[in-house]
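Q: What follows is query_23.pdb, PDB, C-alpha atoms.
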```
ATOM      1  CA  MET A   1      -6.926  -7.209  10.882
ATOM      2  CA  THR A   2      -8.797 -10.262   9.788
ATOM      3  CA  SER A   3      -7.351 -12.443   7.093
ATOM      4  CA  ALA A   4     -10.259 -11.401   4.855
ATOM      5  CA  HIS A   5      -8.915  -7.850   5.022
ATOM      6  CA  SER A   6      -5.261  -8.647   4.395
ATOM      7  CA  GLU A   7      -3.406  -7.207   1.416
ATOM      8  CA  GLU A   8      -3.132 -10.671  -0.109
ATOM      9  CA  ALA A   9      -6.840 -11.471   0.254
ATOM     10  CA  LEU A  10      -8.006  -8.092  -1.031
ATOM     11  CA  LYS A  11      -5.613  -8.108  -3.968
ATOM     12  CA  ALA A  12      -6.675 -11.645  -4.892
ATOM     13  CA  LEU A  13     -10.319 -10.555  -4.911
ATOM     14  CA  MET A  14      -9.460  -7.500  -7.021
ATOM     15  CA  LEU A  15      -7.562  -9.599  -9.559
ATOM     16  CA  LEU A  16     -10.395 -12.106  -9.775
ATOM     17  CA  SER A  17     -12.901  -9.284 -10.236
ATOM     18  CA  LEU A  18     -10.784  -7.752 -13.004
ATOM     19  CA  ASP A  19     -10.908 -11.144 -14.708
ATOM     20  CA  GLY A  20     -14.719 -11.092 -14.596
ATOM     21  CA  ASP A  21     -15.531 -12.912 -11.335
ATOM     22  CA  GLU A  22     -18.638 -11.058 -10.123
ATOM     23  CA  ALA A  23     -18.849 -12.971  -6.831
ATOM     24  CA  ALA A  24     -15.266 -11.974  -6.018
ATOM     25  CA  TYR A  25     -16.124  -8.367  -6.824
ATOM     26  CA  ARG A  26     -19.112  -8.443  -4.432
ATOM     27  CA  ARG A  27     -16.891  -9.926  -1.676
ATOM     28  CA  LEU A  28     -14.255  -7.259  -2.376
ATOM     29  CA  LEU A  29     -16.789  -4.429  -2.102
ATOM     30  CA  SER A  30     -18.158  -5.851   1.143
ATOM     31  CA  ALA A  31     -14.683  -6.121   2.698
ATOM     32  CA  LEU A  32     -13.746  -2.632   1.504
ATOM     33  CA  ARG A  33     -16.974  -1.194   2.897
ATOM     34  CA  THR A  34     -16.013  -2.520   6.350
ATOM     35  CA  LEU A  35     -12.508  -1.041   6.072
ATOM     36  CA  LEU A  36     -13.835   2.309   4.853
ATOM     37  CA  VAL A  37     -16.283   2.651   7.737
ATOM     38  CA  GLY A  38     -13.384   2.243  10.168
ATOM     39  CA  TYR A  39     -11.061   4.439   8.108
ATOM     40  CA  TYR A  40     -13.509   7.338   7.805
ATOM     41  CA  GLY A  41     -14.887   6.830  11.307
ATOM     42  CA  ARG A  42     -11.466   7.555  12.814
ATOM     43  CA  ARG A  43     -10.971  10.614  10.641
ATOM     44  CA  MET A  44     -14.311  12.384  10.803
ATOM     45  CA  ALA A  45     -15.816  14.425  13.600
ATOM     46  CA  ALA A  46     -18.861  12.983  15.343
ATOM     47  CA  ALA A  47     -21.053  15.614  13.676
ATOM     48  CA  ALA A  48     -19.874  14.465  10.244
ATOM     49  CA  LYS A  49     -20.672  10.784  10.821
ATOM     50  CA  ALA A  50     -23.919  11.276   8.904
ATOM     51  CA  ASP A  51     -21.827  12.062   5.827
ATOM     52  CA  MET A  52     -19.764   8.908   6.255
ATOM     53  CA  GLU A  53     -22.156   6.617   4.359
ATOM     54  CA  ASP A  54     -22.137   9.002   1.384
ATOM     55  CA  LEU A  55     -18.350   9.089   1.486
ATOM     56  CA  VAL A  56     -18.146   5.285   1.601
ATOM     57  CA  GLN A  57     -20.450   5.061  -1.429
ATOM     58  CA  GLU A  58     -18.500   7.718  -3.346
ATOM     59  CA  THR A  59     -15.254   5.864  -2.674
ATOM     60  CA  LEU A  60     -16.658   2.524  -3.822
ATOM     61  CA  LEU A  61     -18.015   4.198  -6.980
ATOM     62  CA  ALA A  62     -14.587   5.745  -7.596
ATOM     63  CA  LEU A  63     -13.028   2.293  -7.196
ATOM     64  CA  HIS A  64     -15.454   0.935  -9.752
ATOM     65  CA  SER A  65     -14.759   3.683 -12.266
ATOM     66  CA  ARG A  66     -10.962   3.465 -11.793
ATOM     67  CA  ARG A  67     -10.598  -0.319 -11.680
ATOM     68  CA  SER A  68      -8.884  -0.388 -15.040
ATOM     69  CA  THR A  69      -6.067   1.819 -13.707
ATOM     70  CA  PHE A  70      -5.004  -0.721 -11.086
ATOM     71  CA  ASP A  71      -1.497  -2.094 -11.737
ATOM     72  CA  ARG A  72      -1.629  -5.842 -11.043
ATOM     73  CA  GLU A  73       2.041  -5.811  -9.982
ATOM     74  CA  ARG A  74       1.552  -3.297  -7.157
ATOM     75  CA  PRO A  75      -0.128  -3.570  -3.734
ATOM     76  CA  PHE A  76      -3.883  -3.160  -3.982
ATOM     77  CA  THR A  77      -4.481  -1.559  -0.600
ATOM     78  CA  ALA A  78      -2.075   1.334  -1.174
ATOM     79  CA  TRP A  79      -3.848   2.090  -4.461
ATOM     80  CA  PHE A  80      -7.305   1.791  -2.922
ATOM     81  CA  PHE A  81      -6.594   3.885   0.165
ATOM     82  CA  SER A  82      -5.109   6.654  -1.954
ATOM     83  CA  ILE A  83      -8.569   6.888  -3.561
ATOM     84  CA  ALA A  84     -10.168   6.937  -0.098
ATOM     85  CA  ARG A  85      -7.762   9.628   1.106
ATOM     86  CA  TYR A  86      -8.556  11.889  -1.874
ATOM     87  CA  LYS A  87     -12.284  11.388  -1.346
ATOM     88  CA  LEU A  88     -11.864  12.431   2.296
ATOM     89  CA  ILE A  89      -9.852  15.510   1.312
ATOM     90  CA  ASP A  90     -12.526  16.446  -1.255
ATOM     91  CA  HIS A  91     -15.174  15.970   1.427
ATOM     92  CA  HIS A  92     -13.378  18.362   3.788
ATOM     93  CA  ARG A  93     -12.737  20.908   1.040
ATOM     94  CA  GLY A  94     -16.418  20.815   0.135
ATOM     95  CA  ARG A  95     -17.239  21.837   3.697
ATOM     96  CA  GLY A  96     -14.823  24.740   3.840
ATOM     97  CA  GLY A  97     -11.781  22.722   4.844
ATOM     98  CA  ARG A  98     -12.194  23.474   8.554
ATOM     99  CA  ARG A  99     -11.631  19.857   9.575
ATOM    100  CA  LEU A 100      -8.944  19.124   6.994
ATOM    101  CA  GLY A 101      -6.131  20.036   9.377
ATOM    102  CA  GLU A 102      -7.472  17.566  11.926
ATOM    103  CA  THR A 103      -7.500  14.677   9.505
ATOM    104  CA  GLU A 104      -4.786  12.132  10.222
ATOM    105  CA  LEU A 105      -4.039  10.726   6.790
ATOM    106  CA  GLY A 106      -1.237   8.461   7.914
ATOM    107  CA  GLU A 107      -2.993   6.758  10.839
ATOM    108  CA  GLU A 108      -3.228   3.030  11.106
ATOM    109  CA  ILE A 109      -6.099   1.564   9.115
ATOM    110  CA  GLU A 110      -5.968  -1.579  11.163
ATOM    111  CA  SER A 111      -3.597  -2.587  13.944
ATOM    112  CA  ASP A 112      -0.945  -3.993  11.590
ATOM    113  CA  PHE A 113      -1.918  -2.243   8.378
ATOM    114  CA  SER A 114      -1.082   1.337   7.413
ATOM    115  CA  GLU A 115      -1.090   3.343   4.219
ATOM    116  CA  GLU A 116       2.290   4.808   5.052
ATOM    117  CA  ARG A 117       3.873   1.382   5.455
ATOM    118  CA  LEU A 118       2.390   0.159   2.163
ATOM    119  CA  THR A 119       3.481   3.253   0.282
ATOM    120  CA  ALA A 120       6.994   2.944   1.695
ATOM    121  CA  ARG A 121       7.096  -0.734   0.730
ATOM    122  CA  MET A 122       6.043   0.163  -2.830
ATOM    123  CA  ASP A 123       8.773   2.807  -3.022
ATOM    124  CA  VAL A 124      11.424   0.382  -1.774
ATOM    125  CA  GLU A 125      10.302  -2.302  -4.231
ATOM    126  CA  ARG A 126      10.513   0.183  -7.124
ATOM    127  CA  LEU A 127      14.036   1.110  -6.091
ATOM    128  CA  LEU A 128      15.091  -2.515  -5.683
ATOM    129  CA  ASP A 129      13.716  -3.355  -9.142
ATOM    130  CA  GLY A 130      16.680  -1.427 -10.565
ATOM    131  CA  LEU A 131      19.212  -3.765  -8.961
ATOM    132  CA  SER A 132      20.428  -7.156 -10.091
ATOM    133  CA  PRO A 133      18.651 -10.112  -8.452
ATOM    134  CA  LYS A 134      21.808 -10.872  -6.444
ATOM    135  CA  GLN A 135      22.092  -7.302  -5.127
ATOM    136  CA  ARG A 136      18.353  -7.164  -4.415
ATOM    137  CA  GLU A 137      18.580 -10.290  -2.270
ATOM    138  CA  LEU A 138      21.583  -8.993  -0.303
ATOM    139  CA  ILE A 139      19.830  -5.697   0.443
ATOM    140  CA  ARG A 140      16.649  -7.494   1.466
ATOM    141  CA  GLN A 141      18.401  -9.922   3.789
ATOM    142  CA  VAL A 142      20.876  -7.579   5.489
ATOM    143  CA  LYS A 143      19.326  -4.112   5.311
ATOM    144  CA  LEU A 144      15.588  -4.830   5.300
ATOM    145  CA  GLU A 145      15.299  -8.076   7.273
ATOM    146  CA  GLY A 146      18.198  -7.317   9.615
ATOM    147  CA  GLN A 147      20.125 -10.533   8.985
ATOM    148  CA  SER A 148      23.815 -10.537   9.786
ATOM    149  CA  VAL A 149      26.452 -10.466   7.060
ATOM    150  CA  THR A 150      27.707 -13.842   8.328
ATOM    151  CA  ASP A 151      24.266 -15.485   8.112
ATOM    152  CA  THR A 152      23.665 -13.981   4.669
ATOM    153  CA  ALA A 153      27.062 -15.204   3.473
ATOM    154  CA  ASN A 154      26.245 -18.717   4.697
ATOM    155  CA  ARG A 155      22.810 -18.694   3.041
ATOM    156  CA  THR A 156      24.056 -17.344  -0.288
ATOM    157  CA  GLY A 157      27.288 -19.334  -0.418
ATOM    158  CA  GLN A 158      29.361 -16.153  -0.686
ATOM    159  CA  SER A 159      32.194 -14.958   1.507
ATOM    160  CA  GLU A 160      31.424 -12.275   4.072
ATOM    161  CA  SER A 161      33.676  -9.954   2.119
ATOM    162  CA  ALA A 162      31.691 -10.581  -1.081
ATOM    163  CA  VAL A 163      28.425  -9.877   0.764
ATOM    164  CA  LYS A 164      29.804  -6.589   2.126
ATOM    165  CA  VAL A 165      31.069  -5.530  -1.307
ATOM    166  CA  GLY A 166      27.755  -6.520  -2.913
ATOM    167  CA  ILE A 167      25.794  -4.473  -0.384
ATOM    168  CA  HIS A 168      28.139  -1.505  -0.810
ATOM    169  CA  ARG A 169      27.736  -1.582  -4.592
ATOM    170  CA  ALA A 170      23.970  -2.002  -4.328
ATOM    171  CA  LEU A 171      23.673   0.964  -1.972
ATOM    172  CA  LYS A 172      25.876   3.030  -4.274
ATOM    173  CA  ALA A 173      23.641   2.109  -7.242
ATOM    174  CA  LEU A 174      20.526   3.031  -5.234
ATOM    175  CA  GLY A 175      22.093   6.367  -4.290
ATOM    176  CA  GLU A 176      22.874   7.123  -7.928
ATOM    177  CA  ARG A 177      19.353   6.162  -8.918
ATOM    178  CA  LEU A 178      17.879   8.462  -6.290
ATOM    179  CA  ARG A 179      20.073  11.330  -7.497
ATOM    180  CA  GLY A 180      18.888  10.684 -11.034
ATOM    181  CA  ALA A 181      22.260   9.556 -12.361
TER
END
```
Is it possible to give me this structure as structure tokens?

A:
Amino acid sequence: MTSAHSEEALKALMLLSLDGDEAAYRRLLSALRTLLVGYYGRRMAAAAKADMEDLVQETLLALHSRRSTFDRERPFTAWFFSIARYKLIDHHRGRGGRRLGETELGEEIESDFSEERLTARMDVERLLDGLSPKQRELIRQVKLEGQSVTDTANRTGQSESAVKVGIHRALKALGERLRGA
């Protein structure tokens, strides 16, 4: 994926466009058009390629009409590709749904960029938001980044025992949150 198509670059363009920067909006639409052609191209049968341009246009129009619903605190690409996915599903339904079962909705969009990964990251961030900053950092370092308890203890200035207890309590709190307690 080029740096112009990274989450950070696309989100920055979206935020600028929401603040009235028309040039940023044009650059955003151009970058998204390129991503959509690849996204739909991998998911549509060769016979349906003629419909791809219409689908790209419909998706960009949907982006335009739904821009105000974008949450500035969340990843842009996950939000955008959920629109693209629904447009593709609508497209298949409109043609009798015969190809819908063949559509791979979780495939890689680019080599290091996938909807599934972004959605999972959003879910994890929402869960972590419910923890204290200290617990959040311990979970990130040990459970998400794979750092050792010893290294984390050294970085945070805590004892290894305190790190283990902090992680245990954080995981317990996450479990309770997931159960709705």

Q: How many Å lie between CA of Glu145 in chain A and CA of Met14 in chain A, rounded to one decimal?

A: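 These two atoms are separated by 28.6 Å.
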
Q: Which is closer to Arg66 in chain A than all the others in A:Ala50, A:Val124, A:Ile83, A:Leu138, using all atoms listed in the file?

A: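 Result for the nearest residue to Arg66 in chain A: A:Ile83.
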
Q: Under the rule that all atoms listed in the file are counted, which of A:Asp151, A:Val37, A:Ser82, A:Arg67 is the nearest residue to Leu16 in chain A?

A: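 Looking only at the distances to Leu16 in chain A, the closest residue turns out to be A:Arg67.
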
Q: Of the residues A:Ile139, A:Leu15, A:Leu10, A:Ala153, which is the one nearest to Phe80 in chain A, using only C-alpha atoms?

A: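 For Phe80 in chain A, the nearest of the given residues is A:Leu10.
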
Q: Which of these residues is nearest to Gln135 in chain A, using only C-alpha atoms: A:Leu174, A:Leu63, A:Ser148, A:Ser161?

A: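 Closest to Gln135 in chain A, using only C-alpha atoms: A:Leu174.
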
Q: Pick the closest to Lys11 in chain A from A:Pro75, A:Gly146, A:Gly157, A:Gly180: which is it, counting only C-alpha atoms?

A: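 Among the listed residues, A:Pro75 lies closest to Lys11 in chain A.
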
Q: Could you state the separation of CA of Tyr40 in chain A and CA of Asp123 in chain A in Å, given to one decimal place?

A: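 Rounded to one decimal, the two atoms are 25.2 Å apart.
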
Q: Taking every listed atom of range 8-12 of chain A and adding 4 Å to each side, what centre and edge lengths in Å (one decimal) does the axis-aligned box have, as lines of an AutoDock Vina configuration file?

A:
```
center_x = -5.6
center_y = -9.9
center_z = -2.3
size_x = 12.9
size_y = 11.6
size_z = 13.1
```

Q: Which residue out of A:Arg169, A:Arg33, A:His5, A:Glu160 has the minimum interatomic distance to Asp54 in chain A when all atoms listed in the file are used?

A: A:Arg33

Q: What does the structure give for the distance between CA of Ala173 in chain A and CA of Arg72 in chain A, in Å to one decimal?

A: 26.8 Å

Q: Quick one: residues within 10 Å of Arg177 in chain A, only C-alpha atoms, excluding same-chain residues fewer than 6 positions away - as a list in words?

A: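 Result of the neighbour search: Leu127, Gly130, Leu131 and Leu171 of chain A.
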
Q: Some atoms are absent from range 69-80 of chain A, so rebuild all heavy atoms and return them as a compact mmCIF listing (two decimals), in the coordinates of the input.

A:
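What follows is the written file rebuild_2.txt:
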```
# COMPACT_ATOMS: atom_id res chain seq x y z
N THR A 69 -7.37 1.18 -13.93
CA THR A 69 -6.07 1.82 -13.71
C THR A 69 -5.21 1.05 -12.70
O THR A 69 -4.05 1.41 -12.49
CB THR A 69 -6.22 3.27 -13.21
OG1 THR A 69 -6.77 3.27 -11.89
CG2 THR A 69 -7.09 4.08 -14.14
N PHE A 70 -5.76 0.02 -12.09
CA PHE A 70 -5.00 -0.72 -11.09
C PHE A 70 -3.89 -1.52 -11.75
O PHE A 70 -4.11 -2.26 -12.70
CB PHE A 70 -5.92 -1.66 -10.30
CG PHE A 70 -5.17 -2.54 -9.33
CD1 PHE A 70 -4.47 -1.98 -8.28
CD2 PHE A 70 -5.13 -3.91 -9.50
CE1 PHE A 70 -3.76 -2.78 -7.40
CE2 PHE A 70 -4.43 -4.72 -8.63
CZ PHE A 70 -3.74 -4.15 -7.57
N ASP A 71 -2.67 -1.37 -11.25
CA ASP A 71 -1.50 -2.09 -11.74
C ASP A 71 -1.41 -3.41 -10.97
O ASP A 71 -1.17 -3.42 -9.77
CB ASP A 71 -0.24 -1.26 -11.51
CG ASP A 71 1.04 -1.92 -11.99
OD1 ASP A 71 1.02 -3.14 -12.29
OD2 ASP A 71 2.07 -1.22 -12.06
N ARG A 72 -1.59 -4.52 -11.67
CA ARG A 72 -1.63 -5.84 -11.04
C ARG A 72 -0.34 -6.20 -10.31
O ARG A 72 -0.33 -7.10 -9.48
CB ARG A 72 -1.92 -6.91 -12.10
CG ARG A 72 -3.30 -6.83 -12.68
CD ARG A 72 -3.44 -7.76 -13.88
NE ARG A 72 -4.80 -7.80 -14.37
CZ ARG A 72 -5.67 -8.76 -14.08
NH1 ARG A 72 -5.32 -9.77 -13.32
NH2 ARG A 72 -6.88 -8.72 -14.55
N GLU A 73 0.75 -5.51 -10.61
CA GLU A 73 2.04 -5.81 -9.98
C GLU A 73 2.25 -5.05 -8.67
O GLU A 73 3.22 -5.29 -7.98
CB GLU A 73 3.19 -5.47 -10.96
CG GLU A 73 3.11 -6.23 -12.26
CD GLU A 73 3.13 -7.74 -12.08
OE1 GLU A 73 3.95 -8.23 -11.28
OE2 GLU A 73 2.32 -8.43 -12.71
N ARG A 74 1.38 -4.14 -8.34
CA ARG A 74 1.55 -3.30 -7.16
C ARG A 74 0.56 -3.70 -6.07
O ARG A 74 -0.46 -4.32 -6.34
CB ARG A 74 1.33 -1.82 -7.52
CG ARG A 74 2.29 -1.32 -8.57
CD ARG A 74 3.67 -1.21 -8.00
NE ARG A 74 4.59 -0.73 -9.01
CZ ARG A 74 5.87 -1.01 -9.01
NH1 ARG A 74 6.40 -1.75 -8.08
NH2 ARG A 74 6.64 -0.55 -9.95
N PRO A 75 0.82 -3.27 -4.82
CA PRO A 75 -0.13 -3.57 -3.73
C PRO A 75 -1.48 -2.91 -3.98
O PRO A 75 -1.56 -1.73 -4.36
CB PRO A 75 0.54 -2.97 -2.50
CG PRO A 75 2.00 -2.92 -2.84
CD PRO A 75 2.04 -2.65 -4.32
N PHE A 76 -2.52 -3.67 -3.76
CA PHE A 76 -3.88 -3.16 -3.98
C PHE A 76 -4.28 -2.13 -2.93
O PHE A 76 -4.85 -1.10 -3.24
CB PHE A 76 -4.89 -4.32 -3.97
CG PHE A 76 -6.31 -3.85 -3.92
CD1 PHE A 76 -6.91 -3.29 -5.03
CD2 PHE A 76 -7.05 -3.94 -2.75
CE1 PHE A 76 -8.22 -2.83 -4.99
CE2 PHE A 76 -8.35 -3.49 -2.69
CZ PHE A 76 -8.94 -2.93 -3.81
N THR A 77 -3.99 -2.42 -1.66
CA THR A 77 -4.48 -1.56 -0.60
C THR A 77 -3.90 -0.15 -0.66
O THR A 77 -4.60 0.81 -0.35
CB THR A 77 -4.22 -2.19 0.78
OG1 THR A 77 -2.86 -2.62 0.83
CG2 THR A 77 -5.13 -3.37 1.02
N ALA A 78 -2.65 -0.01 -1.05
CA ALA A 78 -2.08 1.33 -1.17
C ALA A 78 -2.82 2.12 -2.26
O ALA A 78 -3.14 3.30 -2.08
CB ALA A 78 -0.59 1.25 -1.50
N TRP A 79 -3.11 1.45 -3.36
CA TRP A 79 -3.85 2.09 -4.46
C TRP A 79 -5.25 2.48 -3.99
O TRP A 79 -5.70 3.61 -4.19
CB TRP A 79 -3.90 1.12 -5.64
CG TRP A 79 -4.70 1.59 -6.81
CD1 TRP A 79 -4.31 2.45 -7.78
CD2 TRP A 79 -6.05 1.20 -7.12
NE1 TRP A 79 -5.33 2.62 -8.69
CE2 TRP A 79 -6.40 1.86 -8.31
CE3 TRP A 79 -6.97 0.35 -6.53
CZ2 TRP A 79 -7.65 1.71 -8.90
CZ3 TRP A 79 -8.21 0.20 -7.12
CH2 TRP A 79 -8.53 0.88 -8.29
N PHE A 80 -5.93 1.54 -3.35
CA PHE A 80 -7.30 1.79 -2.92
C PHE A 80 -7.38 2.91 -1.88
O PHE A 80 -8.22 3.81 -1.98
CB PHE A 80 -7.94 0.52 -2.37
CG PHE A 80 -9.32 0.76 -1.81
CD1 PHE A 80 -10.38 1.01 -2.67
CD2 PHE A 80 -9.54 0.79 -0.45
CE1 PHE A 80 -11.65 1.28 -2.17
CE2 PHE A 80 -10.80 1.05 0.06
CZ PHE A 80 -11.85 1.29 -0.80
```
